[in-house]
Amino acid sequence: MIEISRVNKFYGKQQVLKDVSVSFRPGLIHGLVGRNGSGKTQLFKVICGFVLPDSGEVRVEGRRIGRERRFPQSMGLLIESPGFLPGYSGLFNLQMLAAMNTRLSKSELLAILGQVGLGEAAHRKVGKYSLGMRQRLGLAQALMRRPRLLILDEPFNGLDKRGVEEVRGMLRGLKADGVTILLASHNPEDIRLLCDSVHEMDAGLISPMAALKMP
């Protein structure tokens with residue numbers, strides 16, 4: 001699904017990705033761990049095509065990002081804090097996005113909101129949403145493309161215990177449907193319970209770790 005070869009990225013004199021080479025097999029959940037500033041979010045942005053590497057290459061489904069394709073069409077993502085218009089409902093925010101991209105119907109968008117646990121809050125203004133509800137809305141946005149690849153940077157932020165369990169269950173269901181998921185989380189339990197492979201980032205370097213499965 002993803003092949004990353006000798007990727008380097010600089011901002012001025014600061015090198016944020018250092019000769020990163022890694023591949024992620026399709027249909028699995030791959031975990032990425034590391035401290036803040038270790039390079040996880042930068043790597044996700046390079047995979048998405050938001051940031052182009054200074055050297056090296058990234059291929060998603062065989063196509064080179066930044067050359068053959070700017071943004072992988074089969075990708076859904078949640079990176080950093082999602083931004084929505086607070087004066088409009090969750091449903092209307094998704095409808096505006098759908099009008100630009102996916103052309104999903106109102107019933108399809110309501111189904112996605114129900115999938116992430118926002119069915120009853122679909123018509124509520126986003127300004128009234130809690131942090132956890134905004135995070136769920138960000139997940140709904142990521143699912144709008146019906147992606148084959150899902151990139152999630154700290155998707156459990158702001159969720160209560162029940163919300164965490166619900167989202168974990170949703171991710172397992174997506175994996176069962178063949179979706180490839182890249183997941184960054186500061187919670188080791190998320191990684192142990194969900195991930196088939198785990199890589200650690202530290203100061204822009206990446207290295208594989210043994211899978212951290214719960215008994």
# chains A, B, ... in the order shown; residues from 1 in each chain; ligands from 1

$ closest_atom_pairs --of "stretch 17-121 of chain A" --to "stretch 163-184 of chain A" --cutoff "7 Å" --atoms "only C-alpha atoms" --output "tab-separated table"
residue	atom	partner	partner_atom	distance
A:Pro26	CA	A:Thr180	CA	5.2
A:Gly27	CA	A:Thr180	CA	4.4
A:Leu28	CA	A:Thr180	CA	5.1
A:Ile29	CA	A:Ile181	CA	4.6
A:His30	CA	A:Leu182	CA	4.9
A:Gly31	CA	A:Leu183	CA	4.9
A:Leu32	CA	A:Ala184	CA	4.7
A:Val33	CA	A:Ala184	CA	5.9

$ select_by_dssp --residues "stretch 33-128 of chain A" --states "strand (DSSP E)" --output "JSON, numbers by chain"
{"A": [33, 55, 56, 57, 58, 59, 60, 63, 64, 75, 76, 77, 78]}

$ write_last_selection --atoms "N, CA and C atoms" --output "compact mmCIF listing (two decimals), in the first residue's frame"
# COMPACT_ATOMS: atom_id res chain seq x y z
N VAL A 33 4.63 5.40 16.89
CA VAL A 33 4.77 5.95 18.23
C VAL A 33 6.00 6.85 18.28
N SER A 55 14.35 14.98 -0.54
CA SER A 55 14.92 13.88 -1.30
C SER A 55 14.18 12.60 -0.92
N GLY A 56 14.32 11.58 -1.75
CA GLY A 56 13.60 10.33 -1.54
C GLY A 56 12.24 10.36 -2.20
N GLU A 57 11.48 9.29 -2.04
CA GLU A 57 10.17 9.22 -2.68
C GLU A 57 9.18 8.45 -1.83
N VAL A 58 7.91 8.75 -2.08
CA VAL A 58 6.79 8.07 -1.42
C VAL A 58 5.87 7.56 -2.51
N ARG A 59 5.52 6.29 -2.44
CA ARG A 59 4.56 5.70 -3.37
C ARG A 59 3.38 5.13 -2.60
N VAL A 60 2.19 5.49 -3.05
CA VAL A 60 0.95 4.96 -2.49
C VAL A 60 0.24 4.22 -3.60
N ARG A 63 1.90 4.59 -7.04
CA ARG A 63 2.06 5.89 -7.69
C ARG A 63 2.86 6.84 -6.80
N ARG A 64 3.80 7.53 -7.41
CA ARG A 64 4.68 8.42 -6.67
C ARG A 64 3.95 9.71 -6.30
N MET A 75 -7.55 8.04 -0.05
CA MET A 75 -7.11 8.28 1.33
C MET A 75 -8.10 9.14 2.10
N GLY A 76 -8.29 8.78 3.37
CA GLY A 76 -8.97 9.62 4.33
C GLY A 76 -8.00 9.94 5.45
N LEU A 77 -8.10 11.13 6.02
CA LEU A 77 -7.10 11.48 7.03
C LEU A 77 -7.65 12.39 8.11
N LEU A 78 -7.03 12.24 9.27
CA LEU A 78 -7.28 13.12 10.41
C LEU A 78 -5.91 13.47 10.97

$ closest_residue --among "A:Leu97, A:Leu159, A:Ile151, A:Ile112" --to "A:Phe84" --atoms "only C-alpha atoms"
A:Leu97

$ residues_around --residues "A:Ala98" --least-positions-apart "2" --cutoff "12 Å" --atoms "only C-alpha atoms" --output "ChimeraX atom specification"
/A:91-96,100-106,108-109,140-145

$ closest_residue --among "A:Cys48, A:Lys40, A:Ala203, A:Pro53" --to "A:Phe10" --atoms "only C-alpha atoms"
A:Pro53

$ atom_distance --atom1 "atom CA of A:Asn157" --atom2 "atom CA of A:Gly138"
11.1 Å

$ residues_around --residues "A:Gly37" --least-positions-apart "5" --cutoff "9 Å" --atoms "only C-alpha atoms" --output "NGL selection string"
:A and (16 or 42 or 202-204)

$ write_last_selection --atoms "N, CA and C atoms" --output "tab-separated table (two decimals), in the first residue's frame"
chain	number	residue	atom	x	y	z
A	16	VAL	N	13.84	17.29	9.86
A	16	VAL	CA	12.74	16.68	10.60
A	16	VAL	C	12.48	15.23	10.20
A	42	GLN	N	4.96	14.91	10.55
A	42	GLN	CA	5.63	15.28	9.30
A	42	GLN	C	5.62	14.12	8.30
A	202	ASP	N	11.97	8.81	16.32
A	202	ASP	CA	12.75	9.56	17.31
A	202	ASP	C	13.69	10.49	16.55
A	203	ALA	N	13.50	11.80	16.72
A	203	ALA	CA	14.35	12.81	16.08
A	203	ALA	C	14.44	12.62	14.57
A	204	GLY	N	13.30	12.26	13.95
A	204	GLY	CA	13.25	12.12	12.50
A	204	GLY	C	13.65	10.78	11.95
